[in-house]
file work34.pdb (PDB, C-alpha atoms)
ATOM      1  CA  MET A 941       9.132  -4.921   9.227  1.00  0.00           C
ATOM      2  CA  GLU A 942      12.620  -4.780   7.746  1.00  0.00           C
ATOM      3  CA  ARG A 943      12.207  -1.053   7.002  1.00  0.00           C
ATOM      4  CA  ILE A 944      11.462  -0.394  10.671  1.00  0.00           C
ATOM      5  CA  LYS A 945      14.605  -2.220  11.762  1.00  0.00           C
ATOM      6  CA  GLU A 946      16.719  -0.292   9.242  1.00  0.00           C
ATOM      7  CA  SER A 947      15.325   3.050  10.361  1.00  0.00           C
ATOM      8  CA  ALA A 948      15.846   2.111  14.028  1.00  0.00           C
ATOM      9  CA  ARG A 949      19.504   1.342  13.285  1.00  0.00           C
ATOM     10  CA  LEU A 950      19.824   4.680  11.504  1.00  0.00           C
ATOM     11  CA  PHE A 951      18.290   6.526  14.467  1.00  0.00           C
ATOM     12  CA  ALA A 952      20.660   4.785  16.844  1.00  0.00           C
ATOM     13  CA  SER A 953      23.647   5.754  14.718  1.00  0.00           C
ATOM     14  CA  GLY A 954      24.643   9.376  14.347  1.00  0.00           C
ATOM     15  CA  ALA A 955      22.472  10.148  11.315  1.00  0.00           C
ATOM     16  CA  PRO A 956      21.867  13.825  10.498  1.00  0.00           C
ATOM     17  CA  ASP A 957      18.679  15.365  11.852  1.00  0.00           C
ATOM     18  CA  ALA A 958      17.370  16.015   8.325  1.00  0.00           C
ATOM     19  CA  VAL A 959      17.567  12.300   7.481  1.00  0.00           C
ATOM     20  CA  LYS A 960      15.884  11.360  10.744  1.00  0.00           C
ATOM     21  CA  LEU A 961      13.063  13.831  10.066  1.00  0.00           C
ATOM     22  CA  CYS A 962      12.558  12.470   6.544  1.00  0.00           C
ATOM     23  CA  LEU A 963      12.242   8.949   7.917  1.00  0.00           C
ATOM     24  CA  ARG A 964       9.809  10.058  10.614  1.00  0.00           C
ATOM     25  CA  LEU A 965       7.724  11.906   8.004  1.00  0.00           C
ATOM     26  CA  ALA A 966       7.597   8.760   5.842  1.00  0.00           C
ATOM     27  CA  GLU A 967       6.477   6.738   8.856  1.00  0.00           C
ATOM     28  CA  LEU A 968       3.927   9.431   9.722  1.00  0.00           C
ATOM     29  CA  GLU A 969       2.499   9.301   6.194  1.00  0.00           C
ATOM     30  CA  SER A 970       1.998   5.546   6.384  1.00  0.00           C
ATOM     31  CA  ASN A 971       0.506   5.738   9.895  1.00  0.00           C
ATOM     32  CA  TRP A 972      -1.522   8.925   9.329  1.00  0.00           C
ATOM     33  CA  PRO A 973      -4.977   7.302   9.820  1.00  0.00           C
ATOM     34  CA  GLN A 974      -3.934   5.946  13.240  1.00  0.00           C
ATOM     35  CA  VAL A 975      -2.338   9.221  14.342  1.00  0.00           C
ATOM     36  CA  ALA A 976      -4.942  11.695  13.076  1.00  0.00           C
ATOM     37  CA  GLY A 977      -8.033   9.512  13.113  1.00  0.00           C
ATOM     38  CA  ALA A 978      -9.919   8.075  10.141  1.00  0.00           C
ATOM     39  CA  ALA A 979     -12.190  11.098   9.604  1.00  0.00           C
ATOM     40  CA  ILE A 980      -9.329  13.589   9.383  1.00  0.00           C
ATOM     41  CA  ALA A 981      -6.982  11.247   7.491  1.00  0.00           C
ATOM     42  CA  GLU A 982      -9.498  10.871   4.650  1.00  0.00           C
ATOM     43  CA  ARG A 983      -9.327  14.574   3.795  1.00  0.00           C
ATOM     44  CA  SER A 984      -5.770  15.484   4.854  1.00  0.00           C
ATOM     45  CA  SER A 985      -2.165  14.329   4.683  1.00  0.00           C
ATOM     46  CA  PRO A 986       1.170  15.416   6.162  1.00  0.00           C
ATOM     47  CA  ALA A 987       3.125  17.359   3.525  1.00  0.00           C
ATOM     48  CA  CYS A 988       6.444  18.319   5.102  1.00  0.00           C
ATOM     49  CA  CYS A 989       8.315  18.321   8.360  1.00  0.00           C
ATOM     50  CA  GLU A 990      11.073  20.647   9.525  1.00  0.00           C
ATOM     51  CA  LYS A 991      13.149  21.203  12.633  1.00  0.00           C
ATOM     52  CA  THR A 992      12.742  24.606  14.271  1.00  0.00           C
ATOM     53  CA  GLU A 993      14.233  26.209  17.382  1.00  0.00           C
ATOM     54  CA  ASP A 994      11.136  25.273  19.388  1.00  0.00           C
ATOM     55  CA  GLY A 995      10.815  21.669  18.149  1.00  0.00           C
ATOM     56  CA  ILE A 996       9.258  20.155  15.044  1.00  0.00           C
ATOM     57  CA  LYS A 997       6.920  21.912  12.616  1.00  0.00           C
ATOM     58  CA  ILE A 998       4.648  19.713  10.479  1.00  0.00           C
ATOM     59  CA  THR A 999       2.731  21.093   7.508  1.00  0.00           C
ATOM     60  CA  ILE A1000      -0.580  19.350   6.875  1.00  0.00           C
ATOM     61  CA  ASN A1001      -2.388  19.682   3.561  1.00  0.00           C
ATOM     62  CA  VAL A1002      -6.177  19.576   3.678  1.00  0.00           C
ATOM     63  CA  ALA A1003      -8.688  19.145   0.872  1.00  0.00           C
ATOM     64  CA  ASP A1004     -10.604  22.399   1.399  1.00  0.00           C
ATOM     65  CA  ALA A1005     -11.188  25.304   3.801  1.00  0.00           C
ATOM     66  CA  GLY A1006     -13.994  23.435   5.578  1.00  0.00           C
ATOM     67  CA  VAL A1007     -11.604  20.676   6.583  1.00  0.00           C
ATOM     68  CA  ALA A1008      -9.072  23.294   7.725  1.00  0.00           C
ATOM     69  CA  GLN A1009     -11.734  24.803   9.979  1.00  0.00           C
ATOM     70  CA  ALA A1010     -12.663  21.391  11.387  1.00  0.00           C
ATOM     71  CA  LEU A1011      -8.989  20.661  12.019  1.00  0.00           C
ATOM     72  CA  LYS A1012      -8.713  23.845  14.098  1.00  0.00           C
ATOM     73  CA  PHE A1013     -11.214  22.377  16.563  1.00  0.00           C
ATOM     74  CA  ARG A1014      -9.148  19.170  16.865  1.00  0.00           C
ATOM     75  CA  ARG A1015      -5.801  20.979  16.879  1.00  0.00           C
ATOM     76  CA  ALA A1016      -4.911  20.196  20.518  1.00  0.00           C
ATOM     77  CA  ALA A1017      -5.712  16.485  20.210  1.00  0.00           C
ATOM     78  CA  LEU A1018      -3.801  16.241  16.921  1.00  0.00           C
ATOM     79  CA  ILE A1019      -0.731  17.997  18.369  1.00  0.00           C
ATOM     80  CA  LYS A1020      -0.796  15.632  21.351  1.00  0.00           C
ATOM     81  CA  ALA A1021      -0.965  12.591  19.055  1.00  0.00           C
ATOM     82  CA  LEU A1022       1.823  13.983  16.869  1.00  0.00           C
ATOM     83  CA  CYS A1023       4.056  14.644  19.901  1.00  0.00           C
ATOM     84  CA  ARG A1024       3.575  11.052  20.991  1.00  0.00           C
ATOM     85  CA  PHE A1025       4.242   9.684  17.495  1.00  0.00           C
ATOM     86  CA  MET A1026       7.237  11.896  16.711  1.00  0.00           C
ATOM     87  CA  GLY A1027       8.772  11.416  20.175  1.00  0.00           C
ATOM     88  CA  SER A1028       9.135  15.149  20.675  1.00  0.00           C
ATOM     89  CA  GLN A1029       8.034  17.490  23.451  1.00  0.00           C
ATOM     90  CA  SER A1030       7.095  20.287  21.083  1.00  0.00           C
ATOM     91  CA  VAL A1031       5.275  19.873  17.776  1.00  0.00           C
ATOM     92  CA  ALA A1032       3.678  22.746  15.864  1.00  0.00           C
ATOM     93  CA  ILE A1033       1.321  22.240  12.944  1.00  0.00           C
ATOM     94  CA  ASP A1034       0.647  24.452   9.958  1.00  0.00           C
ATOM     95  CA  VAL A1035      -2.612  23.653   8.135  1.00  0.00           C
ATOM     96  CA  ARG A1036      -2.803  24.580   4.453  1.00  0.00           C
ATOM     97  CA  VAL A1037      -5.278  23.933   1.676  1.00  0.00           C
ATOM     98  CA  GLY A1038      -3.392  21.858  -0.874  1.00  0.00           C
ATOM     99  CA  LYS A1039      -3.032  18.526  -2.588  1.00  0.00           C
ATOM    100  CA  VAL A1040      -3.903  15.597  -0.342  1.00  0.00           C
ATOM    101  CA  LYS A1041      -1.842  12.480  -1.005  1.00  0.00           C
ATOM    102  CA  LYS A1042      -4.016   9.374  -0.675  1.00  0.00           C
ATOM    103  CA  GLN A1043      -2.704   6.087   0.643  1.00  0.00           C
ATOM    104  CA  SER A1044      -2.720   3.278  -1.896  1.00  0.00           C
ATOM    105  CA  SER A1045      -5.518   0.775  -1.418  1.00  0.00           C
ATOM    106  CA  ALA A1046      -3.673  -1.855  -3.436  1.00  0.00           C
ATOM    107  CA  LYS A1047      -2.933  -5.047  -1.599  1.00  0.00           C
ATOM    108  CA  PRO A1048       0.701  -6.007  -1.249  1.00  0.00           C
ATOM    109  CA  PRO A1049       1.838  -9.088  -3.203  1.00  0.00           C
ATOM    110  CA  LEU A1050       1.507 -12.468  -1.571  1.00  0.00           C
ATOM    111  CA  PRO A1051       4.654 -13.853   0.020  1.00  0.00           C
ATOM    112  CA  ALA A1052       6.576 -16.347  -2.107  1.00  0.00           C
ATOM    113  CA  HIS A1053       5.456 -19.364  -0.077  1.00  0.00           C
ATOM    114  CA  LYS A1054       1.772 -18.571  -0.779  1.00  0.00           C
ATOM    115  CA  ARG A1055       2.059 -17.918  -4.521  1.00  0.00           C
ATOM    116  CA  ARG A1056       0.985 -20.535  -7.039  1.00  0.00           C
ATOM    117  CA  ALA A1057       3.183 -21.636  -9.889  1.00  0.00           C
ATOM    118  CA  PRO A1058       1.937 -20.655 -13.352  1.00  0.00           C
ATOM    119  CA  LEU A1059      -0.286 -23.144 -15.115  1.00  0.00           C
ATOM    120  CA  ILE A1060       1.637 -24.908 -17.867  1.00  0.00           C
ATOM    121  CA  VAL A1061      -0.384 -26.908 -20.370  1.00  0.00           C
ATOM    122  CA  SER A1062       1.459 -29.385 -22.569  1.00  0.00           C
ATOM    123  CA  GLU A1063       0.977 -29.027 -26.301  1.00  0.00           C
ATOM    124  CA  LYS A1064       0.651 -32.804 -26.658  1.00  0.00           C
ATOM    125  CA  ALA A1065      -2.387 -32.852 -24.363  1.00  0.00           C
ATOM    126  CA  VAL A1066      -3.933 -29.953 -26.322  1.00  0.00           C
ATOM    127  CA  ARG A1067      -3.313 -31.702 -29.682  1.00  0.00           C
ATOM    128  CA  ASP A1068      -4.857 -34.940 -28.395  1.00  0.00           C
ATOM    129  CA  GLU A1069      -7.936 -33.031 -27.227  1.00  0.00           C
ATOM    130  CA  ILE A1070      -8.185 -31.155 -30.554  1.00  0.00           C
ATOM    131  CA  LYS A1071      -8.029 -34.469 -32.418  1.00  0.00           C
ATOM    132  CA  ARG A1072     -10.835 -35.875 -30.237  1.00  0.00           C
ATOM    133  CA  LEU A1073     -13.009 -32.769 -30.752  1.00  0.00           C
ATOM    134  CA  THR A1074     -12.515 -32.653 -34.545  1.00  0.00           C
ATOM    135  CA  GLU A1075     -13.719 -36.257 -34.713  1.00  0.00           C
ATOM    136  CA  GLU A1076     -16.970 -34.969 -33.174  1.00  0.00           C
ATOM    137  CA  ASN A1077     -17.355 -32.473 -36.066  1.00  0.00           C
ATOM    138  CA  VAL A1078     -16.385 -29.373 -34.117  1.00  0.00           C
ATOM    139  CA  GLY A1079     -14.688 -26.608 -36.155  1.00  0.00           C
ATOM    140  CA  ASN A1080     -10.882 -26.360 -35.939  1.00  0.00           C
ATOM    141  CA  GLU A1081     -10.810 -22.909 -34.327  1.00  0.00           C
ATOM    142  CA  ILE A1082     -13.445 -23.786 -31.734  1.00  0.00           C
ATOM    143  CA  ALA A1083     -11.816 -27.176 -31.130  1.00  0.00           C
ATOM    144  CA  GLU A1084      -8.479 -25.534 -30.311  1.00  0.00           C
ATOM    145  CA  ILE A1085     -10.068 -23.047 -27.892  1.00  0.00           C
ATOM    146  CA  MET A1086     -12.135 -25.763 -26.194  1.00  0.00           C
ATOM    147  CA  ALA A1087      -9.110 -28.063 -25.974  1.00  0.00           C
ATOM    148  CA  ARG A1088      -6.986 -25.393 -24.251  1.00  0.00           C
ATOM    149  CA  LEU A1089      -9.803 -24.558 -21.819  1.00  0.00           C
ATOM    150  CA  LYS A1090     -10.495 -28.198 -20.981  1.00  0.00           C
ATOM    151  CA  THR A1091      -6.822 -29.045 -20.488  1.00  0.00           C
ATOM    152  CA  ALA A1092      -6.267 -25.993 -18.290  1.00  0.00           C
ATOM    153  CA  SER A1093      -9.375 -26.659 -16.184  1.00  0.00           C
ATOM    154  CA  GLU A1094      -8.355 -30.290 -15.655  1.00  0.00           C
ATOM    155  CA  LYS A1095      -4.906 -29.174 -14.504  1.00  0.00           C
ATOM    156  CA  LEU A1096      -6.423 -26.656 -12.084  1.00  0.00           C
ATOM    157  CA  LYS A1097      -8.865 -29.263 -10.750  1.00  0.00           C
ATOM    158  CA  ALA A1098      -6.007 -31.709 -10.185  1.00  0.00           C
ATOM    159  CA  ARG A1099      -4.013 -28.947  -8.452  1.00  0.00           C
ATOM    160  CA  LYS A1100      -6.870 -28.213  -6.013  1.00  0.00           C
ATOM    161  CA  ASN A1101      -7.319 -31.887  -5.150  1.00  0.00           C
ATOM    162  CA  ILE A1102      -3.693 -32.264  -4.079  1.00  0.00           C
TER     163      ILE A1102
END
call {"tool": "encode", "arguments": {"input": "work34.pdb", "output": "structure tokens"}}
result
Amino acid sequence: MERIKESARLFASGAPDAVKLCLRLAELESNWPQVAGAAIAERSSPACCEKTEDGIKITINVADAGVAQALKFRRAALIKALCRFMGSQSVAIDVRVGKVKKQSSAKPPLPAHKRRAPLIVSEKAVRDEIKRLTEENVGNEIAEIMARLKTASEKLKARKNI
């Protein structure tokens, strides 16, 4: 949301056209599935944007020639959607077979107020548990592993009950 406010301030100020176009292209890349439609967005991506005498020219990379052919049939609808998105009266598109940049499917990190603090297990509690397990004739290595697991699970259980 902050990025949108910053770009809006930049558009309102007297920023050069090249900077404005770069920002619009970045916004177009992130909103490509909504602008082009899910079917087209899967196999294509906007590659570059330039200002011409007639308006704006957007180059779209597609995965293969079949997608380029399909895009020709949807050319008018895509140009209309791009005009609306770019806020321009005249948008031309150039479709090329090339590398398609995929959007990341990674989830953004949780906000700070929703993150959990790391689990910290005290060494004293682990030593006490190891001592108890060795009295039950459990090997030292296994006793240490079991003690750390038990102490950690008890801490997590107590954390969930809060």
call {"tool": "closest_residue", "arguments": {"input": "work34.pdb", "among": "A:Asn1080, A:Ser985, A:Thr999, A:Ser970", "to": "Arg1036 (chain A)", "atoms": "all atoms listed in the file"}}
result
A:Thr999
call {"tool": "residues_around", "arguments": {"input": "work34.pdb", "residues": "region 1063-1078 of chain A", "least_positions_apart": "5", "cutoff": "12 Å", "atoms": "only C-alpha atoms", "output": "number ranges by chain"}}
result
A: 1083-1095
call {"tool": "closest_residue", "arguments": {"input": "work34.pdb", "among": "A:Leu1059, A:Ile1019, A:Ala987, A:Ile996", "to": "Lys960 (chain A)", "atoms": "only C-alpha atoms"}}
result
A:Ile996
call {"tool": "atom_distance", "arguments": {"input": "work34.pdb", "atom1": "CA of Asp994 (chain A)", "atom2": "CA of Ser1030 (chain A)"}}
result
6.6 Å
call {"tool": "residues_around", "arguments": {"input": "work34.pdb", "residues": "Arg983 (chain A)", "least_positions_apart": "6", "cutoff": "8 Å", "atoms": "all atoms listed in the file", "output": "count of residues only"}}
result
4
call {"tool": "closest_residue", "arguments": {"input": "work34.pdb", "among": "A:Ile980, A:Trp972, A:Arg1099, A:Leu961", "to": "Phe1013 (chain A)", "atoms": "all atoms listed in the file"}}
result
A:Ile980
call {"tool": "closest_residue", "arguments": {"input": "work34.pdb", "among": "A:Val959, A:Val1037, A:Ala1057, A:Ala1046", "to": "Ala1005 (chain A)", "atoms": "all atoms listed in the file"}}
result
A:Val1037
call {"tool": "residues_around", "arguments": {"input": "work34.pdb", "residues": "Asn971 (chain A)", "least_positions_apart": "2", "cutoff": "12 Å", "atoms": "all atoms listed in the file", "output": "list in words"}}
result
Arg964, Leu965, Ala966, Glu967, Leu968, Glu969, Pro973, Gln974, Val975, Ala976, Gly977, Ala978, Ala981, Ser985, Pro986, Ala1021, Leu1022, Phe1025, Met1026 and Gln1043 of chain A
call {"tool": "closest_residue", "arguments": {"input": "work34.pdb", "among": "A:Glu990, A:Ser984, A:Gln1029, A:Lys1042", "to": "Cys962 (chain A)", "atoms": "all atoms listed in the file"}}
result
A:Glu990
call {"tool": "closest_residue", "arguments": {"input": "work34.pdb", "among": "A:Cys1023, A:Ala1016, A:Leu1096, A:Ile1033", "to": "Lys997 (chain A)", "atoms": "all atoms listed in the file"}}
result
A:Ile1033
call {"tool": "atom_distance", "arguments": {"input": "work34.pdb", "atom1": "CA of Ser1028 (chain A)", "atom2": "CA of Lys991 (chain A)"}}
result
10.8 Å
call {"tool": "atom_distance", "arguments": {"input": "work34.pdb", "atom1": "CA of Gly995 (chain A)", "atom2": "CA of Ala979 (chain A)"}}
result
26.7 Å
